Structure formats: C-alpha cells, structure tokens
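Reviewing the structure listed below.
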Amino acid sequence: MKLKNIKTTAVCISLLAAVGCTDNFEDINTNPNGFSQEQLAQDFNHIKGGFAPMFNNIQVLGNQREDQYQLQQNLNADIWSGYMATPTGFRGGSNNTTYDLIDPWNVAIWSNAYPNVMFNAYDIANKAKGKYDQFYALSLILKVEGMHRLTDIFGPIIYSQYGKEAPIAYDSQEEVYNQMFSELDIAVTELTKRVDAGEATAFAATDLSGYKGDYKQWVKFANTLRLRLAMRIVKVKPDIAKAQAEKAIAQKFGVMTTNGDAFKIVSPDFTNPIATISGSWLDIRMSADMESILKGYEDPRIAAYFDTSAQFPGQYKGVRTGITIGGKGDHQDFSGIGAVVKSKEIYLFTTAEAYFLRAEGALRGWNMGSDAESLYKLGIQASFDQRGVSGAAAYSADNVKLPVAYTDPNFPVNNAAPVNNVTIAWDGAATNEVKLQKIITQKWIAGFPEGQEAWSDYRRTGYPKLFPVLVNNSGGKISTPLGPRRINFVQSEIANNKEGVATGVAKLGGPDTGGTRLWWDVNAPNF
C-alpha cells in the first residue's frame with residue numbers, strides 16, 4: 001500500500017485551477033524553461049504543450065503517481081464495477097469498498113481532472129479557437145472523454161462556467177451532456193472538413209493516442225464517444241439518445257470497426273498503474289465476480305486478464321468485495337492482475353465496446369447498420385482478437401455454460417451462489433431483457449480493466465449481476481443490493497466554493513450521498 005497523504009498545498013493548487021482559472025493566468029502559463037512566447041509559437045508548441053497533461057490524466061499515468069490512480073479510480077469504480085477487489089483492510093475495513101466513502105481519497109478524482117484535463121482544454125481553447133481550430137477540435141474530444149467520466153461520478157459539475165471566479169455555479173448533468181454533444185458536433189465538423197481538404201496533420205508528434213495525428217481516426221473516436229454518451233441517457237431521454245446514436249453511425253467516417261480504431265494512451269514511459277498496485281503493492285486482486293463468470297464460461301481471456309494464484313498454484317482465485325478482512329495476508333496471494341496491465345498501451349475505448357453499443361442500439365430498434373445478433377458476435381470477436389486469443393466463434397455459440405459459484409477457500413462465510421445466470425449464445429427467442437443482459441455481460445468482460453465505464457453500465461442497466469457486499473458501512477446511505485450510485489462532492493470544493501456546491505446539490509435531485517442516483521440513472525425498466 002502506497003497511499004500518500006494529500007498535502008494541503010497540492011489541494012490548494014488543484015483548487016485554484018478548478019475554481020479560479022483566470023486568476024494569475026499569465027503566471028500559470030509562464031514557461032519554466034525560459035522560452036519566449038515567440039519561440040513557443042513555432043510549430044504550434046504554445047498550444048501543443050497542453051495536450052500531454054490531458055492524455056496522461058484521463059486516467060492518471062506517470063511514475064510515482066500510481067497512488068493518484070489508486071484514489072482516482074482503483075478504489076472506487078474498478079471495484080464497484082465488479083472487476084477487482086482489494087485484500088487490504090484500509091482504515092480498519094471501513095472504506096469505499098464497504099461503502100463508507102472516504103472524502104480525502106475521493107478528492108483525487110476532482111483534483112486530477114480540473115488542473116490537468118479541464119484547465120488545458122480551457123487554455124487550448126483560448127489560444128486556438130478561431131485561429132488553429134484543428135487543435136481546438138482535438139482538445140474538445142479529449143475534454144469530453146475526460147470530463148464525461150467526472151460527471152458520471154459526481155453528477156452536476158463545473159463545466160460551462162469553468163474559468164470564472166468563485167463562487168462558480170455547477171451545471172446539471174443534463175446540461176453537461178447537452179454541451180458535450182454540441183462540442184462533439186464542433187470537433188467532428190472541423191476535423192472532417194480538414195480530412196476532405198486533404199490537409200496534412202500537424203498533430204502527429206503530439207498525439208499519444210496511437211492515431212498518429214490522423215484526423216479521420218479522431219473523428220471515428222468522436223463518433224463512437226457520441227454513441228457511448230447517447231446510450232448512457234437512453235432511459236431518461238430516449239428520443240435524444242436514438243437521434244445521437246444514429247447520428248454517430250451515419251457520419252461519413254462512422255464509428256470504430258477494427259481494433260486499430262480503438263482509443264488508447266500509448267506511452268513510451270508509463271505502464272498501467274494497476275500493474276504496480278497489483279504486482280508490487282498487492283493492493284488489488286481479481287474479483288469474485290470475475291472468477292464466477294470467466295471460470296463458468298471457460299473464457300480463454302482469463303489468462304490475459306489475471307495471473308494464477310500464488311497460494312493455489314494453477315488456479316484463478318478472486319476476492320469478494322465488501323467482506324470482513326482480518327489481515328492482508330488472508331487474500332493477498334489470490335490472483336493478481338495479469339499481462340493486460342503490463343503493456344505500454346492503456347485502452348480507454350475498445351472497438352468491442354463500439355460493437356456492443358451498436359448491438360444494444362439495434363435491440364432497441366435503432367438504425368445501427370446491422371442486427372443485434374451480428375453486432376453482438378462481432379463484439380466478442382473484436383475482444384478475442386484484441387487479447388490475442390482464438391475460439392471466438394465456438395465461444396459465441398455456447399448455450400450451456402453458466403457462471404459458477406464462488407468459493408473462498410480461506411473463509412467459507414464469503415461463499416456465494418452464482419447470480420449472473422445467462423449463457424453466452426444469442427437466443428433470438430429470449431426477451432429483450434435477457435438479450436440485454438447477454439450484451440452487457442460480454443461488454444463487461446471485453447472492457448476489462450477499464451472499471452469506470454463498467455461501473456457506469458452497471459448503474460444504468462443492472463448488469464452483469466454482481467455479488468452484494470457482506471459488510472455495508474454506509475450508515476444506511478447506500479443500498480446493499482444497488483451499491484454506490486455516485487460519489488459525494490469533494491471537501492475542498494465545499495470549503496472554497498460553498499455557494500457553487502450548493503447549486504450542484506440543488507441540481508442533483510437528492511442528498512449529497514453515495515446513494516443518490518444520477519440524472520441518467522433512473523429507477524425504470526431497461527425496456
């Protein structure tokens with residue numbers, strides 16, 4: 001465990017960037033290496049410098065920054081999605097994993113997003129909009145990718161009012177989504193125009209995505225991101241969801257269809273922080289849910305996702321979330337996270353996800369360019385290909401295998417019968433609800449280890465069904481069957497932007513607790 005103290009100065013610096021971005025703007029933008037503005041302007045360097053912090057903080061990357069990722073996502077969404085579990089009894093076992101939300105932990109989500117993603121998007125807009133609109137367009141796509149994650153954690157956030165002096169009003173989540181759709185419109189229109197004109201890219205050396213500055217690839221990503229956001233709001237705004245999803249498919253460059261289209265961060269220096277959190281710190285392990293589903297399906301991706309257990313050689317053993325932890329040694333030798341996190345490529349949006357989104361859209365009667373069954377199978381195939389395993393066709397046709405019971409060989413009190421009881425094979429005679437459960441279950445498997453999206457899907461659909469916690473320390477604020485629906489507004493904001501936070505609470509639609517549903521997370525049937 002390497003959780004570091006959150007120092008007051010770091011919080012203050014983050015808060016200044018989040019709340020008062022126009023204050024000391026020239027000081028903030030003074031180049032520490034002493035280059036003049038004229039020198040920086042050569043080859044657009046005065047603009048390009050803001051992109052690396054955006055790329056590297058959608059998920060926190062960087063040597064000696066693994067503790068920030070641990071707080072930003074690993075000890076919340078990665079666990080609440082059913083992907084991973086911790087053997088470590090942080091704070092005596094009363095922590096995020098048992099629904100006692102720890103404010104000093106969760107501030108890292110906010111304090112990494114605003115100074116790094118939002119500030120640089122704001123800075124690039126000020127320098128590039130109306131002059132170098134290709135960079136403005138690219139920054140908008142990264143901004144939406146980074147900040148939709150934030151609104152899907154907290155609900156209302158500072159968005160349209162960013163850069164104003166405190167108190168800064170929050171936008172409702174609906175307002176944020178509407179602006180994001182508009183920003184994707186701007187970006188797609190601008191970059192498509194440049195592709196059509198045959199313009200050479202000026203972004204290749206700056207592009208950490210693997211797209212090598214290819215504007216057409218960026219448009220595909222923007223379209224696919226629009227599809228993700230559209231599906232998120234399907235229960236609360238079904239007509240807008242359908243229109244936005246079909247717009248993504250109809251755009252001339254379409255959405256991701258090959259694994260080369262996937263959006264990832266390709267860093268020459270940094271590996272996935274989960275590799276350190278799991279391999280060196282032993283703070284994260286395979287979840288009981290992953291064990292139940294992957295072992296039941298005899299899923300060949302398990303070997304890419306997880307290492308076998310040091311305690312039980314040759315076996316994959318997961319840890320159940322929300323249990324009583326007597327000591328770290330009880331489960332630290334269960335399965336760690338495997339080769340999937342030891343690459344220099346960190347996937348944030350896979351092509352498999354694009355196919356599963358389209359499969360769900362087709363299931364809902366939208367024009368997704370194919371039928372739900374075909375798209376479902378293409379999603380499985382794309383995931384198998386991405387992970388370098390064979391047998392996708394046979395796997396997709398299996399209508400027998402089911403998730404298996406979870407057994408904790410050290411503590412039988414944690415045992416559980418399987419809960420996500422659907423087979424893999426598409427069944428045309430099944431209800432739409434069963435078909436959706438199959439789609440989301442396979443989407444969940446394919447998306448590993450990106451827990452933020454999986455947690456959002458779980459909240460939206462209820463799938464895959466996950467084992468409930470055995471220990472709930474929320475004091476009644478969070479339902480055991482439903483799990484956390486959001487994270488509280490952070491204490492640094494309450495201390496420094498109290499009136500602004502009050503506007504966010506007013507737009508939240510419930511108390512500022514982890515049990516309050518977000519705008520798109522309505523208690524309504526999926527169909």
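Residues are named by chain letter and number: chains run A, B, ... in the order of the structure tokens, numbers start at 1 in each chain, and ligands are numbered from 1 in the order shown.
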Give me the residues within 8 Å of Tyr136 of chain A as a PDB file with N, CA, C and O atoms, in the first residue's frame, counting only C-alpha atoms and dropping any in the same chain fewer than 5 places off.
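Final file, result_5.pdb:
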ATOM      1  N   ILE A 124      -6.165  25.710 -24.232  1.00  0.00           N
ATOM      2  CA  ILE A 124      -6.059  25.490 -25.677  1.00  0.00           C
ATOM      3  C   ILE A 124      -7.160  26.241 -26.413  1.00  0.00           C
ATOM      4  O   ILE A 124      -6.928  26.826 -27.477  1.00  0.00           O
ATOM      5  N   ALA A 125      -8.364  26.241 -25.863  1.00  0.00           N
ATOM      6  CA  ALA A 125      -9.458  26.986 -26.495  1.00  0.00           C
ATOM      7  C   ALA A 125      -9.126  28.465 -26.590  1.00  0.00           C
ATOM      8  O   ALA A 125      -9.359  29.112 -27.626  1.00  0.00           O
ATOM      9  N   ALA A 128      -6.336  28.704 -29.351  1.00  0.00           N
ATOM     10  CA  ALA A 128      -6.505  28.120 -30.685  1.00  0.00           C
ATOM     11  C   ALA A 128      -7.837  28.427 -31.346  1.00  0.00           C
ATOM     12  O   ALA A 128      -7.921  28.448 -32.584  1.00  0.00           O
ATOM     13  N   LYS A 129      -8.894  28.640 -30.576  1.00  0.00           N
ATOM     14  CA  LYS A 129     -10.233  28.803 -31.164  1.00  0.00           C
ATOM     15  C   LYS A 129     -10.256  29.998 -32.112  1.00  0.00           C
ATOM     16  O   LYS A 129      -9.872  31.103 -31.755  1.00  0.00           O
ATOM     17  N   ALA A 187     -16.231  19.490 -33.091  1.00  0.00           N
ATOM     18  CA  ALA A 187     -14.992  18.761 -33.379  1.00  0.00           C
ATOM     19  C   ALA A 187     -15.112  17.933 -34.649  1.00  0.00           C
ATOM     20  O   ALA A 187     -14.211  17.932 -35.503  1.00  0.00           O
TER      21      ALA A 187
END
Within 9 Å of Arg387 of chain A using only C-alpha atoms, minus same-chain residues under 2 positions, as a PyMOL selection string: chain A and resi 301+304-305+340+382-385+389
If you run DSSP on the backbone, which residues of segment 137-359 of chain A are strand (DSSP E), as a PyMOL selection string? chain A and resi 263-266+285-286+345-349
Would you put the residues from that selection into a file with C-alpha atoms, as a PDB file, in the first residue's frame?
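See selection36.pdb below for the written result:
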ATOM      1  CA  PHE A 263      -8.732   4.786 -28.371  1.00  0.00           C
ATOM      2  CA  LYS A 264      -5.782   4.157 -26.124  1.00  0.00           C
ATOM      3  CA  ILE A 265      -2.945   6.033 -24.493  1.00  0.00           C
ATOM      4  CA  VAL A 266       0.386   4.858 -25.853  1.00  0.00           C
ATOM      5  CA  ARG A 285      -6.833  -8.687  -6.898  1.00  0.00           C
ATOM      6  CA  MET A 286      -9.212 -10.491  -9.227  1.00  0.00           C
ATOM      7  CA  GLU A 345      -0.958   0.712 -24.231  1.00  0.00           C
ATOM      8  CA  ILE A 346      -3.790   1.742 -21.896  1.00  0.00           C
ATOM      9  CA  TYR A 347      -7.151   1.206 -23.595  1.00  0.00           C
ATOM     10  CA  LEU A 348      -9.878   3.718 -22.758  1.00  0.00           C
ATOM     11  CA  PHE A 349     -12.341   2.813 -25.534  1.00  0.00           C
TER      12      PHE A 349
END
Select, from A:Ala262, A:Leu357, A:Ile79, A:Leu227, the residue with the minimum atom-to-atom distance to Ala250 of chain A, counting only C-alpha atoms.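 Closest to Ala250 of chain A of all the choices is A:Leu227.
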Write out, as a tab-separated table, each residue of segment 287-338 of chain A that has an atom at most 9 Å from segment 415-419 of chain A, together with the closest pair of atoms and their distance in Å to one decimal, counting only C-alpha atoms, rows going by chain and rising number.
residue	atom	partner	partner_atom	distance
A:Asp289	CA	A:Pro418	CA	8.6
A:Ser292	CA	A:Pro418	CA	6.7
A:Ile293	CA	A:Pro418	CA	8.3
A:Arg320	CA	A:Asn415	CA	8.5
Output file for the residues above (C-alpha atoms, as a PDB file, in the first residue's frame):
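Generated file (out02.pdb):
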ATOM      1  CA  ASP A 289     -17.464 -11.781  -9.850  1.00  0.00           C
ATOM      2  CA  SER A 292     -17.539 -16.730 -11.217  1.00  0.00           C
ATOM      3  CA  ILE A 293     -18.230 -15.518 -14.746  1.00  0.00           C
ATOM      4  CA  ARG A 320     -15.185 -10.944  -2.783  1.00  0.00           C
TER       5      ARG A 320
END
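Distances from A:Ala121, A:Met290, A:Met368, A:Ala85 to Leu140 of chain A were compared using only C-alpha atoms, and the smallest one belongs to A:Ala121.
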Which one is closest to Asp457 of chain A: A:Ala425, A:Ala397, A:Leu436, A:Ala204? Count only C-alpha atoms.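 Smallest separation from Asp457 of chain A among the options: A:Leu436.
Neighbouring residues of Arg65 of chain A at 12 Å or closer, counting only C-alpha atoms and skipping chain neighbours under 6 positions away, are Lys2, Leu3, Lys4, Asn56, Asn57, Gln59, Leu71, Gln72, Ala108, Asn112, Phe270, Thr271, Asn272, Pro273, Ile274, Thr276 and Ile277 of chain A.
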When you look at Asn74 of chain A with a cut-off of 12 Å (counting only C-alpha atoms), what residues show up, excluding the ones that are within fewer than 6 positions of it in the same chain? I need them as a PyMOL selection string. chain A and resi 3+59-60+66-68+80-86+96-97+105-106+108-109+272-278+283-285+449-452+455
